[in-house]
Structures are given as structure tokens and as C-alpha cells.
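Next up, run-v4.tsv (TSV, C-alpha atoms and all ligand atoms):
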```tsv
chain	number	residue	atom	x	y	z
A	682	MET	CA	21.19	4.98	-4.17
A	683	PHE	CA	18.74	6.66	-1.87
A	684	HIS	CA	19.94	10.17	-2.72
A	685	LEU	CA	19.00	12.82	-0.25
A	686	ARG	CA	16.16	14.86	-1.56
A	687	LYS	CA	13.78	17.28	0.02
A	688	VAL	CA	10.94	15.44	1.66
A	689	SER	CA	7.91	17.05	0.10
A	690	ARG	CA	5.45	17.40	1.62
A	691	ASP	CA	-15.22	8.36	11.11
A	692	VAL	CA	-16.31	6.55	8.63
A	693	ALA	CA	-20.15	6.22	8.78
A	694	ARG	CA	-20.69	2.50	8.97
A	695	VAL	CA	-23.15	0.02	10.30
A	696	ALA	CA	-20.89	-2.35	12.13
A	697	VAL	CA	-22.57	-5.59	13.03
A	698	LYS	CA	-19.29	-7.24	13.83
A	699	THR	CA	-16.09	-5.62	15.00
A	700	ARG	CA	-13.11	-7.82	15.64
A	701	ARG	CA	-9.72	-7.12	17.06
A	702	LEU	CA	-7.15	-9.30	15.39
A	703	SER	CA	-5.13	-11.51	17.65
A	704	SER	CA	-1.86	-11.16	15.75
A	705	ALA	CA	-1.19	-7.75	17.29
A	706	PRO	CA	0.43	-7.98	20.70
A	707	GLU	CA	-0.44	-4.64	22.29
A	708	ARG	CA	-2.96	-2.86	20.15
A	709	SER	CA	-4.64	-3.86	16.97
A	710	LEU	CA	-2.87	-2.62	13.87
A	711	VAL	CA	-6.10	-2.64	11.91
A	712	ASP	CA	-9.68	-2.04	12.86
A	713	LEU	CA	-11.88	-4.51	11.05
A	714	SER	CA	-15.61	-4.12	10.80
A	715	VAL	CA	-18.21	-5.73	8.56
A	716	ASP	CA	-21.51	-4.03	7.80
A	717	LYS	CA	-24.88	-5.71	7.40
A	718	GLU	CA	-24.38	-5.95	3.65
A	719	GLY	CA	-21.20	-7.97	4.07
A	720	ILE	CA	-18.82	-5.15	3.16
A	721	ALA	CA	-15.73	-4.97	5.36
A	722	ILE	CA	-13.68	-1.94	6.27
A	723	VAL	CA	-10.06	-2.75	7.06
A	724	GLN	CA	-8.72	0.42	8.59
A	725	MET	CA	-4.96	0.61	9.11
A	726	GLN	CA	-4.11	2.25	12.40
A	727	ARG	CA	-0.39	1.98	12.89
A	728	ALA	CA	0.40	5.49	14.08
A	729	PRO	CA	1.74	7.83	13.02
A	730	VAL	CA	1.91	7.06	9.27
A	731	ASN	CA	0.85	3.42	8.75
A	732	SER	CA	4.32	2.49	7.61
A	733	LEU	CA	4.27	-1.13	6.50
A	734	ASN	CA	6.25	-3.29	8.90
A	735	ILE	CA	6.02	-7.08	9.07
A	736	GLU	CA	3.23	-7.05	11.64
A	737	LEU	CA	1.00	-4.61	9.77
A	738	MET	CA	1.45	-6.47	6.47
A	739	ARG	CA	0.66	-9.80	8.12
A	740	THR	CA	-2.35	-8.38	9.89
A	741	ILE	CA	-3.80	-7.04	6.64
A	742	CYS	CA	-3.07	-10.39	4.97
A	743	ASP	CA	-4.77	-12.34	7.78
A	744	SER	CA	-7.74	-9.97	7.72
A	745	VAL	CA	-8.29	-10.65	4.02
A	746	SER	CA	-8.04	-14.41	4.61
A	747	ASP	CA	-10.65	-14.13	7.38
A	748	LEU	CA	-12.96	-12.10	5.15
A	749	GLU	CA	-12.61	-14.66	2.37
A	750	LYS	CA	-13.47	-17.48	4.78
A	751	ASP	CA	-16.49	-15.50	5.99
A	752	LYS	CA	-17.54	-15.02	2.35
A	753	CYS	CA	-17.67	-11.27	2.67
A	754	LYS	CA	-18.86	-9.38	-0.35
A	755	GLY	CA	-15.85	-7.10	-0.45
A	756	MET	CA	-13.38	-5.05	1.52
A	757	ILE	CA	-12.31	-1.44	1.71
A	758	LEU	CA	-8.75	-0.76	2.79
A	759	THR	CA	-8.42	2.60	4.45
A	760	SER	CA	-6.54	4.49	7.13
A	761	ALA	CA	-7.20	5.94	10.55
A	762	SER	CA	-4.40	8.50	10.13
A	763	PRO	CA	-5.62	11.90	9.02
A	764	ASN	CA	-4.10	12.83	5.63
A	765	ILE	CA	-2.04	9.67	5.32
A	766	PHE	CA	-3.11	6.41	3.72
A	767	SER	CA	0.34	4.90	4.28
A	768	ALA	CA	3.95	6.10	4.15
A	769	GLY	CA	4.95	2.90	2.35
A	770	MET	CA	7.43	0.40	3.69
A	771	ASP	CA	8.64	0.95	7.21
A	772	LEU	CA	12.07	2.48	6.68
A	773	MET	CA	13.13	1.20	10.10
A	774	GLU	CA	12.72	-2.34	8.77
A	775	LEU	CA	15.19	-1.50	6.01
A	776	HIS	CA	17.69	0.46	8.09
A	777	ASN	CA	20.65	-1.64	9.36
A	778	PRO	CA	18.41	-4.69	9.26
A	779	ASP	CA	18.78	-8.03	10.96
A	780	MET	CA	19.08	-10.47	8.00
A	781	LYS	CA	16.52	-12.92	9.30
A	782	ARG	CA	13.96	-10.21	9.90
A	783	LEU	CA	14.68	-8.59	6.52
A	784	GLU	CA	13.93	-11.89	4.83
A	785	GLU	CA	10.72	-12.18	6.83
A	786	PHE	CA	9.89	-8.62	5.86
A	787	SER	CA	10.34	-9.38	2.18
A	788	LYS	CA	8.24	-12.54	2.46
A	789	SER	CA	5.46	-10.62	4.22
A	790	MET	CA	5.51	-8.01	1.47
A	791	PHE	CA	5.31	-10.63	-1.29
A	792	ASP	CA	2.58	-12.54	0.58
A	793	LEU	CA	0.54	-9.39	1.01
A	794	VAL	CA	0.78	-8.36	-2.64
A	795	LEU	CA	-0.16	-11.86	-3.82
A	796	LYS	CA	-2.97	-12.18	-1.29
A	797	LEU	CA	-4.53	-8.88	-2.33
A	798	PHE	CA	-3.97	-9.37	-6.05
A	799	GLY	CA	-5.43	-12.87	-6.04
A	800	SER	CA	-8.17	-12.34	-3.48
A	801	LYS	CA	-11.52	-14.05	-4.00
A	802	ILE	CA	-13.42	-11.05	-2.66
A	803	VAL	CA	-13.79	-7.61	-4.23
A	804	THR	CA	-10.92	-5.49	-2.94
A	805	THR	CA	-10.90	-1.69	-2.89
A	806	ALA	CA	-9.02	1.20	-1.30
A	807	ALA	CA	-10.32	4.53	-0.04
A	808	ILE	CA	-7.17	6.62	-0.25
A	809	ASP	CA	-7.32	9.76	1.83
A	810	GLY	CA	-3.80	11.14	1.93
A	811	TYR	CA	-0.21	10.22	1.12
A	812	SER	CA	0.18	6.81	-0.51
A	813	GLY	CA	3.78	6.50	-1.63
A	814	ALA	CA	6.02	3.67	-2.82
A	815	GLY	CA	5.09	0.43	-0.99
A	816	ALA	CA	1.62	1.85	-0.23
A	817	CYS	CA	1.07	2.56	-3.92
A	818	VAL	CA	2.06	-1.05	-4.67
A	819	VAL	CA	-0.49	-2.29	-2.14
A	820	ALA	CA	-3.18	-0.08	-3.71
A	821	LEU	CA	-2.26	-1.34	-7.19
A	822	ALA	CA	-2.84	-4.93	-6.09
A	823	LEU	CA	-6.52	-4.17	-5.39
A	824	ASP	CA	-9.47	-4.19	-7.78
A	825	TYR	CA	-10.47	-0.53	-7.39
A	826	ARG	CA	-9.17	2.71	-5.87
A	827	SER	CA	-10.98	5.93	-4.93
A	828	MET	CA	-8.84	8.86	-3.81
A	829	THR	CA	-9.61	12.19	-2.21
A	830	ALA	CA	-8.90	15.42	-4.04
A	831	GLY	CA	-6.60	17.93	-2.39
A	832	LYS	CA	-3.34	17.19	-0.64
A	833	ALA	CA	-3.30	13.42	-1.15
A	834	ARG	CA	-0.56	12.06	-3.39
A	835	ILE	CA	0.04	8.60	-4.83
A	836	GLY	CA	2.98	7.18	-6.74
A	837	LEU	CA	6.11	5.12	-6.84
A	838	ASN	CA	9.18	7.19	-6.08
A	839	ASP	CA	11.90	4.51	-6.27
A	840	THR	CA	13.91	6.25	-9.00
A	841	ALA	CA	13.94	9.46	-6.95
A	842	VAL	CA	15.81	7.58	-4.26
A	843	GLY	CA	18.18	6.00	-6.78
A	844	ILE	CA	16.59	2.56	-7.13
A	845	PRO	CA	15.18	1.09	-10.32
A	846	PRO	CA	11.76	-0.38	-9.49
A	847	ALA	CA	11.55	-4.19	-9.38
A	848	LYS	CA	10.17	-5.81	-12.54
A	849	TRP	CA	7.11	-7.18	-10.76
A	850	VAL	CA	6.30	-3.68	-9.47
A	851	ALA	CA	6.51	-2.26	-12.98
A	852	ASP	CA	4.37	-5.15	-14.26
A	853	LEU	CA	1.73	-4.50	-11.62
A	854	MET	CA	1.57	-0.83	-12.54
A	855	THR	CA	1.51	-1.54	-16.29
A	856	ARG	CA	-1.53	-3.76	-15.85
A	857	THR	CA	-3.41	-0.81	-14.40
A	858	MET	CA	-2.01	2.22	-16.22
A	859	GLY	CA	-0.63	0.84	-19.47
A	860	GLN	CA	2.93	0.95	-20.77
A	861	ARG	CA	3.25	4.63	-21.60
A	862	ASN	CA	1.84	6.02	-18.35
A	863	THR	CA	3.85	3.52	-16.32
A	864	GLU	CA	7.04	4.48	-18.12
A	865	LEU	CA	6.44	8.16	-17.38
A	866	ALA	CA	5.37	7.53	-13.77
A	867	LEU	CA	8.26	5.26	-12.89
A	868	THR	CA	11.05	7.13	-14.63
A	869	SER	CA	9.96	10.47	-13.14
A	870	SER	CA	8.87	9.21	-9.68
A	871	PHE	CA	5.91	11.58	-10.07
A	872	MET	CA	3.61	11.73	-7.07
A	873	PHE	CA	0.11	12.12	-8.51
A	874	PRO	CA	-2.67	14.23	-7.03
A	875	ALA	CA	-6.06	12.51	-7.37
A	876	GLU	CA	-7.17	14.22	-10.59
A	877	ARG	CA	-3.90	13.37	-12.38
A	878	ALA	CA	-3.99	9.85	-10.97
A	879	LEU	CA	-7.47	9.47	-12.46
A	880	GLN	CA	-6.28	10.68	-15.87
A	881	VAL	CA	-3.57	8.02	-16.06
A	882	GLY	CA	-5.74	5.26	-14.58
A	883	LEU	CA	-3.81	4.98	-11.33
A	884	VAL	CA	-7.06	5.53	-9.44
A	885	ASP	CA	-10.61	4.90	-10.58
A	886	GLU	CA	-12.49	7.79	-9.00
A	887	VAL	CA	-11.84	11.08	-7.24
A	888	ALA	CA	-13.71	11.65	-3.98
A	889	LYS	CA	-14.31	14.85	-2.06
A	890	ASP	CA	-13.42	13.44	1.34
A	891	LYS	CA	-12.78	10.16	3.11
A	892	GLU	CA	-16.45	9.38	3.69
A	893	ASP	CA	-17.15	9.93	0.00
A	894	ALA	CA	-14.16	7.73	-0.92
A	895	VAL	CA	-15.54	4.93	1.26
A	896	GLU	CA	-19.04	5.33	-0.23
A	897	ARG	CA	-17.59	5.07	-3.75
A	898	CYS	CA	-15.82	1.84	-2.78
A	899	LYS	CA	-19.10	0.45	-1.44
A	900	LYS	CA	-20.86	1.40	-4.66
A	901	PHE	CA	-18.15	-0.37	-6.66
A	902	ILE	CA	-18.45	-3.52	-4.54
A	903	LYS	CA	-22.24	-3.51	-5.00
A	904	LEU	CA	-21.82	-3.46	-8.77
A	905	TYR	CA	-21.20	-7.18	-8.39
A	906	ASP	CA	-24.47	-7.87	-6.55
A	907	ASN	CA	-25.96	-9.50	-9.62
A	908	ILE	CA	-22.92	-11.55	-10.58
A	909	LEU	CA	-22.35	-14.97	-9.04
A	910	PRO	CA	-19.30	-14.62	-6.73
A	911	ALA	CA	-17.72	-17.84	-8.01
A	912	VAL	CA	-18.04	-16.67	-11.61
A	913	ARG	CA	-16.61	-13.24	-10.80
A	914	THR	CA	-13.70	-14.79	-8.92
A	915	HIS	CA	-12.99	-17.29	-11.68
A	916	THR	CA	-12.96	-14.55	-14.29
A	917	LYS	CA	-10.76	-12.25	-12.21
A	918	LEU	CA	-8.25	-14.97	-11.41
A	919	SER	CA	-8.05	-16.26	-14.94
A	920	LEU	CA	-7.18	-12.72	-16.06
A	921	ARG	CA	-4.57	-12.38	-13.29
A	922	GLN	CA	-3.10	-15.86	-13.49
A	923	ASP	CA	-0.14	-14.82	-15.66
A	924	PHE	CA	1.14	-12.32	-13.09
A	925	ILE	CA	0.71	-14.75	-10.19
A	926	VAL	CA	2.47	-17.60	-12.02
A	927	GLU	CA	5.33	-15.33	-13.10
A	928	PHE	CA	5.68	-13.99	-9.55
A	929	GLU	CA	5.78	-17.45	-7.98
A	930	LYS	CA	8.29	-18.61	-10.60
A	931	ASN	CA	10.65	-15.71	-9.85
A	932	ARG	CA	9.94	-15.30	-6.16
A	933	GLU	CA	13.35	-16.52	-5.01
A	934	GLN	CA	15.11	-14.17	-7.41
A	935	TYR	CA	12.92	-11.23	-6.32
A	936	LEU	CA	13.86	-12.03	-2.73
A	937	LYS	CA	17.57	-12.09	-3.56
A	938	ASP	CA	17.30	-8.82	-5.50
A	939	PHE	CA	15.48	-7.18	-2.61
A	940	MET	CA	18.01	-8.38	-0.03
A	941	ASN	CA	20.90	-7.23	-2.24
A	942	THR	CA	19.39	-3.79	-2.73
A	943	ILE	CA	18.73	-3.21	0.95
A	944	THR	CA	22.05	-4.55	2.21
A	945	ASN	CA	24.10	-2.54	-0.29
A	946	PRO	CA	26.26	-0.11	1.79
A	947	ALA	CA	25.47	2.75	-0.61
A	948	PHE	CA	21.75	2.17	-0.02
A	949	GLN	CA	22.27	2.12	3.76
A	950	ASN	CA	24.27	5.37	3.65
A	951	GLY	CA	21.56	7.05	1.62
A	952	LEU	CA	18.90	5.72	3.95
A	953	ASP	CA	20.77	7.18	6.95
A	954	ILE	CA	20.60	10.59	5.37
A	955	TYR	CA	16.99	10.18	4.25
A	956	ILE	CA	15.79	9.16	7.71
A	957	SER	CA	17.72	12.04	9.28
A	958	SER	CA	16.07	14.42	6.83
A	959	LEU	CA	12.64	13.14	7.87
A	960	LYS	CA	13.46	13.70	11.56
A	961	GLN	CA	15.04	17.09	10.79
A	962	LYS	CA	11.88	18.22	9.04
A	963	LYS	CA	10.03	17.75	12.30
A	964	VAL	CA	12.63	19.66	14.30
A	965	LYS	CA	12.43	22.54	11.80
A	966	ALA	CA	8.64	22.52	11.88
A	967	ALA	CA	8.70	22.74	15.68
A	968	ALA	CA	11.19	25.66	15.70
B	1001	LIG	C1	13.35	1.86	-0.85
B	1001	LIG	C2	13.46	0.38	-0.93
B	1001	LIG	C3	13.20	-0.10	-2.29
B	1001	LIG	C4	13.41	-1.56	-2.40
B	1001	LIG	C5	12.98	-2.01	-3.74
B	1001	LIG	C6	12.98	-3.44	-3.82
B	1001	LIG	C7	11.93	-4.17	-4.20
B	1001	LIG	C8	10.65	-3.61	-4.57
B	1001	LIG	C9	9.64	-3.80	-3.53
B	1001	LIG	C10	8.61	-3.00	-3.37
B	1001	LIG	C11	8.37	-1.87	-4.22
B	1001	LIG	C12	7.86	-0.72	-3.51
B	1001	LIG	C13	8.94	0.08	-2.89
B	1001	LIG	C14	8.77	0.48	-1.68
B	1001	LIG	C15	9.79	1.26	-0.93
B	1001	LIG	C16	9.18	2.03	0.19
B	1001	LIG	O1	8.01	2.00	0.42
B	1001	LIG	S1	10.26	2.95	1.14
B	1001	LIG	C17	9.24	4.12	1.98
B	1001	LIG	C18	8.89	5.24	1.06
B	1001	LIG	N1	8.15	6.25	1.77
B	1001	LIG	C19	8.62	7.47	1.95
B	1001	LIG	O2	9.67	7.83	1.48
B	1001	LIG	C20	7.75	8.38	2.77
B	1001	LIG	C21	8.55	9.13	3.77
B	1001	LIG	N2	7.68	9.90	4.63
B	1001	LIG	C22	7.19	11.11	4.28
B	1001	LIG	O3	7.40	11.61	3.21
B	1001	LIG	C23	6.35	11.77	5.32
B	1001	LIG	O4	6.66	11.24	6.57
B	1001	LIG	C24	4.83	11.63	5.10
B	1001	LIG	C25	4.40	10.20	4.93
B	1001	LIG	C26	4.42	12.45	3.84
B	1001	LIG	C27	4.08	12.20	6.32
B	1001	LIG	O5	4.51	13.51	6.59
B	1001	LIG	P1	4.14	14.18	8.00
B	1001	LIG	O6	4.71	15.56	7.96
B	1001	LIG	O7	2.69	14.04	8.25
B	1001	LIG	O8	4.85	13.27	9.09
B	1001	LIG	P2	6.40	13.16	9.43
B	1001	LIG	O9	7.22	13.27	8.20
B	1001	LIG	O10	6.71	14.07	10.56
B	1001	LIG	O11	6.48	11.64	9.91
B	1001	LIG	C28	6.00	11.23	11.19
B	1001	LIG	C29	6.90	10.15	11.73
B	1001	LIG	O12	6.81	9.02	10.88
B	1001	LIG	C30	8.14	8.65	10.44
B	1001	LIG	N3	8.03	8.08	9.09
B	1001	LIG	C31	7.59	8.65	7.99
B	1001	LIG	N4	7.61	7.81	6.95
B	1001	LIG	C32	8.10	6.64	7.42
B	1001	LIG	C33	8.37	5.37	6.84
B	1001	LIG	N5	8.14	5.10	5.55
B	1001	LIG	N6	8.87	4.41	7.64
B	1001	LIG	C34	9.12	4.64	8.95
B	1001	LIG	N7	8.87	5.83	9.56
B	1001	LIG	C35	8.37	6.81	8.81
B	1001	LIG	C36	8.90	9.97	10.46
B	1001	LIG	O13	10.27	9.73	10.50
B	1001	LIG	C37	8.38	10.57	11.74
B	1001	LIG	O14	9.00	9.89	12.82
B	1001	LIG	P3	9.33	10.63	14.20
B	1001	LIG	O15	10.17	11.82	13.85
B	1001	LIG	O16	10.04	9.60	15.00
B	1001	LIG	O17	7.99	11.00	14.76
```
Starting from the file, give its structure as C-alpha cells.
Ligand SMILES: CCCCC/C=C\C/C=C\CC/C=C/CC(=O)SCCNC(=O)CCNC(=O)[C@H](O)C(C)(C)COP(=O)(O)OP(=O)(O)OC[C@H]1O[C@@H](n2cnc3c(N)ncnc32)[C@H](O)[C@@H]1OP(=O)(O)O
Amino acid sequence: MFHLRKVSRDVARVAVKTRRLSSAPERSLVDLSVDKEGIAIVQMQRAPVNSLNIELMRTICDSVSDLEKDKCKGMILTSASPNIFSAGMDLMELHNPDMKRLEEFSKSMFDLVLKLFGSKIVTTAAIDGYSGAGACVVALALDYRSMTAGKARIGLNDTAVGIPPAKWVADLMTRTMGQRNTELALTSSFMFPAERALQVGLVDEVAKDKEDAVERCKKFIKLYDNILPAVRTHTKLSLRQDFIVEFEKNREQYLKDFMNTITNPAFQNGLDIYISSLKQKKVKAAA
């Protein structure tokens, strides 16, 4: 588990309302703004790589709940970090974890996926940069993804670190990419550039830069201007009901599986080495 491998390697907006979310103690983990058309930008800003810790996941979750209450038209999830959408789960949350916090972490992750997947509003992501593992899962839970061409990569690399992906993760991907593409993506841990991601249906459009990616999300959200929101939501949720019901039914088991995976000594040993390799990369780059 967690084999050592080589670690590869402003948005124009009319903000009529910009809120700092109260759940962040020192500095907001997301910047949330809503334009005059009712389209929200939820920009992750947990430097340096938007790794998903409990607080960031909860803040995104709370932001979506707020936007639903405010009857926003839709939201665009994006990142303030140049070249990185998100580095996935915060490895520090998984490394020698406190059991109570690890359980909270897992709950926050499940809550976030379910919140995004079952959201009443139109949910999109403007992906400008690395979006691996947990970040890919978050993106898959949304309605639409645009991704910038170039260095950005997206994918689920669990098997590359010696872990079979959870069933619900595979299910989520299959819904978007189909059985064959999911099988290939998950077994190979392939990290897709935007054009390849488009071919397999992992993203919906390729953008030339972040601003273009955001504009494409806005265009997608506006496609629903002539559809009654309640009818759109009803239709979306009826099509997604099976996944949500299955997830809720198995939630306790998914939690146990997650806790078992993370607390396995072989996983922790591998993680030690993996984290060291990430730090080492920086030392080498500086030399
Ligand atoms: C693995 C657990 C599986 C459990 C399965 C169970 C259930 C299923 C549940 C969910 C399914 C989804 C699975 C998710 C698992 C994950 O998400 S694990 C995280 C996977 N992500 C990675 O492996 C990415 C690792 N990072 C990189 O490759 C690079 O950092 C980067 C993102 C490409 C950026 O490169 P860049 O050169 O710009 O920056 P640095 O590498 O110098 O990084 C800066 C700084 O940030 C730290 N860091 C990087 N990634 C993470 C991270 N994920 N968590 C915490 N910290 C991270 C890095 O160590 C540097 O720190 P510094 O040296 O202290 O500055």
C-alpha cells in the first residue's frame, strides 16, 4: 500500500456580494462571490495546494448550503492557486491520525460528496491545474466540468499508491465516464490531460485558460435559464437518487473501510515515504 513512486509532476466577475465564511478561524478558506446574475464563484484558497482537510471540506459544504438557501442560479468551484485546482485529500489528515479526527475527516468527505452530488443548484468546476484523487472525486460529484489545456491533470490515482478505489468512488466515475473508461482509468491510475479527459467524458469542455474555463461554466449554468429550477432539480435528483440511497445505506461500512485502510500500518509506512518524497522534491528543486 502507498508504494513510493516518483511524484510527477483573477477571474473577471461582477461581484455584488462577497462574503467571508465564518467557519474559518484565521483566514477564509474559500472566497465566495455572487454576480448580478446569481452565479456564485466558490474559490478555494487553502495555500499552497488546496489539499482537502476537514475545515476546507466543511467550508465548501456550508457555502453550497448558503447558495441553495439564497436560491442562487449555480456555482463554479475553482481555485486561487496557480496551476493547482486541488492536491486531493490532505495527506497530513491521513498521516498518523488521531482516531476521532480521522472519523470527522471521513464524515466531512462523505458529507461534501453527497452535498455536491445532490445539490439543488447547478454545480460546475473550472479546473485550472492538478486535480488528483480526492479532488477528482469532488469534481465528479458536480454537474459539469471545464478544464484548461496544458499542464493540468485530472484522475484517480489510488491503484498507483496500492489502494483499490472504494466502490462508491468507482460508481461515481462510472456514472460520468461509463464502465469501460472507468475500468481503464481506475486500473491504470492514469492522470488525464484536458483533451484526453474530454475524450473519455471525465470533463465536459476544454478551456484555454482559467478565465475561459469560468466563462464556459457560466454558459453551462445559463443553459438552464428557461427551465423551471424546481423541475430541473426534481429531474436531476430523481436520476441521482439511486446513488444517494445506496451511499446512505452503506455509509457506516464505507466509514469502517476508510478507517481500516488509513490505519493499516503498511499504509502508514507507505505514506511516510510518499510524504518524504514530496518534501524531497522541493529540496532537490531548490538545489
Ligand atoms: C490515499 C487514501 C485513499 C483512501 C481511500 C479510501 C476511501 C476512498 C475515499 C476517497 C477517494 C478518493 C481518494 C483520495 C485520496 C487522496 O486524495 S490522497 C492525496 C492524493 N494527492 C496526491 O498524491 C498529490 C500529491 N501532491 C503532488 O503531486 C504535488 O504536490 C502537486 C499537487 C502536483 C503540486 O506540485 P508542486 O510542485 O506545485 O508543489 P509541491 O509538491 O512542492 O507541494 C507544495 C506543498 O504542498 C504539500 N502537499 C502536496 N500535496 C499535498 C496533499 N495532498 N496533502 C498535504 N500536503 C500536500 C507538499 O508536501 C508541499 O509541502 P511543503 O514541502 O511543506 O511546502
With distances taken over only C-alpha atoms, which of A:Met770, A:Ala830, A:Ala888, A:Leu920 is nearest to Gly813 (chain A)?
->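 Looking only at the distances to Gly813 (chain A), the closest residue turns out to be A:Met770.
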Name the closest residue to ligand LIG 1001 (chain B) among the candidates A:Arg913, A:Arg782, A:Lys832, A:Lys750; distances are taken between atoms, counting only C-alpha atoms and all ligand atoms.
->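 Distance minimum relative to ligand LIG 1001 (chain B) lands on A:Lys832.
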For ligand LIG 1001 (chain B), I'd like the enclosing box, axis-aligned and padded by 5 Å on every side, reported as AutoDock Vina command-line options with centre and edge lengths in Å to one decimal.
```
--center_x 8.1 --center_y 5.7 --center_z 5.2 --size_x 20.8 --size_y 29.7 --size_z 29.6
```
Contacts of Ser789 (chain A) at 12 Å or less, counting all atoms listed in the file, minus same-chain residues fewer than 6 places along, as a list in words?
->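 The neighbour list is Leu733, Asn734, Ile735, Glu736, Leu737, Met738, Arg739, Thr740, Ile741, Cys742, Asp743, Met770, Glu774, Arg782, Leu783, Leu795, Lys796 and Leu936 of chain A.
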Closest of A:Phe928, A:Glu749, A:Glu784, A:Asp938 to Ala847 (chain A) - atom-to-atom distances counting only C-alpha atoms |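 When distances to Ala847 (chain A) are compared using only C-alpha atoms, the smallest one comes from A:Asp938.
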With 7 Å as the cut-off and only C-alpha atoms and all ligand atoms counted, what is the closest atom pair between each nearby residue of chain A and ligand LIG 1001 (chain B)? Distances in Å to one decimal, ordered by chain and number, as CSV.
```
residue,atom,partner,partner_atom,distance
A:Val688,CA,B:LIG1001,O3,5.4
A:Ser689,CA,B:LIG1001,O3,6.3
A:Arg690,CA,B:LIG1001,C26,5.5
A:Pro729,CA,B:LIG1001,O12,5.6
A:Val730,CA,B:LIG1001,O12,5.5
A:Ser732,CA,B:LIG1001,N6,4.9
A:Ile765,CA,B:LIG1001,C25,6.5
A:Ser767,CA,B:LIG1001,C25,6.7
A:Ala768,CA,B:LIG1001,C25,4.2
A:Gly769,CA,B:LIG1001,O1,3.7
A:Met770,CA,B:LIG1001,O1,3.7
A:Asp771,CA,B:LIG1001,N6,3.5
A:Leu772,CA,B:LIG1001,N6,3.9
A:Met773,CA,B:LIG1001,C34,5.4
A:Tyr811,CA,B:LIG1001,C26,5.8
A:Gly813,CA,B:LIG1001,N1,5.5
A:Ala814,CA,B:LIG1001,O1,4.2
A:Gly815,CA,B:LIG1001,O1,3.6
A:Ala816,CA,B:LIG1001,O1,6.4
A:Val818,CA,B:LIG1001,C12,5.9
A:Leu837,CA,B:LIG1001,C12,6.9
A:Asp839,CA,B:LIG1001,C1,6.2
A:Ile844,CA,B:LIG1001,C3,6.5
A:Pro846,CA,B:LIG1001,C8,6.0
A:Ala847,CA,B:LIG1001,C8,4.9
A:Val850,CA,B:LIG1001,C11,5.9
A:Phe939,CA,B:LIG1001,C6,4.7
A:Thr942,CA,B:LIG1001,C4,6.4
A:Ile943,CA,B:LIG1001,C4,6.5
A:Ile956,CA,B:LIG1001,O13,6.2
A:Leu959,CA,B:LIG1001,O13,4.9
A:Lys960,CA,B:LIG1001,O15,4.4
A:Lys962,CA,B:LIG1001,O10,6.8
A:Lys963,CA,B:LIG1001,O10,5.3
```
To one decimal in Å, tell me the separation between CA of Gly836 (chain A) and CA of Cys817 (chain A).
->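 One can read the CA of Gly836 (chain A) to CA of Cys817 (chain A) distance as 5.7 Å.
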Could you state the separation of CA of Ile835 (chain A) and CA of Asp953 (chain A) in Å, given to one decimal place?
->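 According to the coordinates, CA of Ile835 (chain A) and CA of Asp953 (chain A) are separated by 23.9 Å.
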Identify, on the basis of all atoms listed in the file, every residue whose closest approach to Asp885 (chain A) does not exceed 9 Å; exclude the query and any residue fewer than 5 positions from it along the same chain; express the result as a list of chain:residue names.
-> A:Tyr825, A:Arg826, A:Ser827, A:Met828, A:Ala878, A:Leu879, A:Gln880
Rank A:Met725, A:Val842, A:Ala761, A:Leu793 by their smallest atom-to-atom distance to Leu821 (chain A), using all atoms listed in the file, and report the top residue only.
-> A:Leu793
Can you tell me how far CA of His776 (chain A) sits from CA of Asn941 (chain A), in Å to one decimal?
->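 Computed distance, CA of His776 (chain A) to CA of Asn941 (chain A), equals 13.3 Å.
Close to (-4.4, 15.9, 5.9), meaning no more than 10 Å away when counting all atoms listed in the file, sit the residues A:Ser762, A:Pro763, A:Asn764, A:Ile765, A:Phe766, A:Asp809, A:Gly810, A:Tyr811, A:Gly831, A:Lys832, A:Ala833.
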Let's have the selection written as a PDB file, keeping the file's coordinate frame, with C-alpha atoms.
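Generated output (part36.pdb):
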```pdb
ATOM      1  CA  SER A 762      -4.400   8.500  10.130  1.00  0.00           C
ATOM      2  CA  PRO A 763      -5.620  11.900   9.020  1.00  0.00           C
ATOM      3  CA  ASN A 764      -4.100  12.830   5.630  1.00  0.00           C
ATOM      4  CA  ILE A 765      -2.040   9.670   5.320  1.00  0.00           C
ATOM      5  CA  PHE A 766      -3.110   6.410   3.720  1.00  0.00           C
ATOM      6  CA  ASP A 809      -7.320   9.760   1.830  1.00  0.00           C
ATOM      7  CA  GLY A 810      -3.800  11.140   1.930  1.00  0.00           C
ATOM      8  CA  TYR A 811      -0.210  10.220   1.120  1.00  0.00           C
ATOM      9  CA  GLY A 831      -6.600  17.930  -2.390  1.00  0.00           C
ATOM     10  CA  LYS A 832      -3.340  17.190  -0.640  1.00  0.00           C
ATOM     11  CA  ALA A 833      -3.300  13.420  -1.150  1.00  0.00           C
TER      12      ALA A 833
END
```
Min atom-atom distance to Val803 (chain A) from the set A:Gln922, A:Thr944, A:Ser958, A:Thr914, counting all atoms listed in the file, belongs to A:Thr914
Would you mind listing what lies within 10 Å of Arg921 (chain A) as a ChimeraX atom specification, with all atoms listed in the file counted and same-chain residues fewer than 6 positions away left out?
-> /A:798-799,856,915
Closest of A:Arg877, A:Lys917, A:Arg861, A:Lys900 to Met756 (chain A) - atom-to-atom distances counting all atoms listed in the file |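 Ranked by minimum distance to Met756 (chain A), first place goes to A:Lys900.
By chain and then residue number, the residues within 12 Å of Glu929 (chain A) are A:Lys788, A:Phe791, A:Asp792, A:Val794, A:Leu795, A:Trp849, A:Gln922, A:Asp923, A:Phe924, A:Ile925, A:Val926, A:Glu927, A:Asn931, A:Arg932, A:Glu933, A:Gln934, A:Tyr935, A:Leu936, counting only C-alpha atoms and disregarding those fewer than 2 positions away in sequence.
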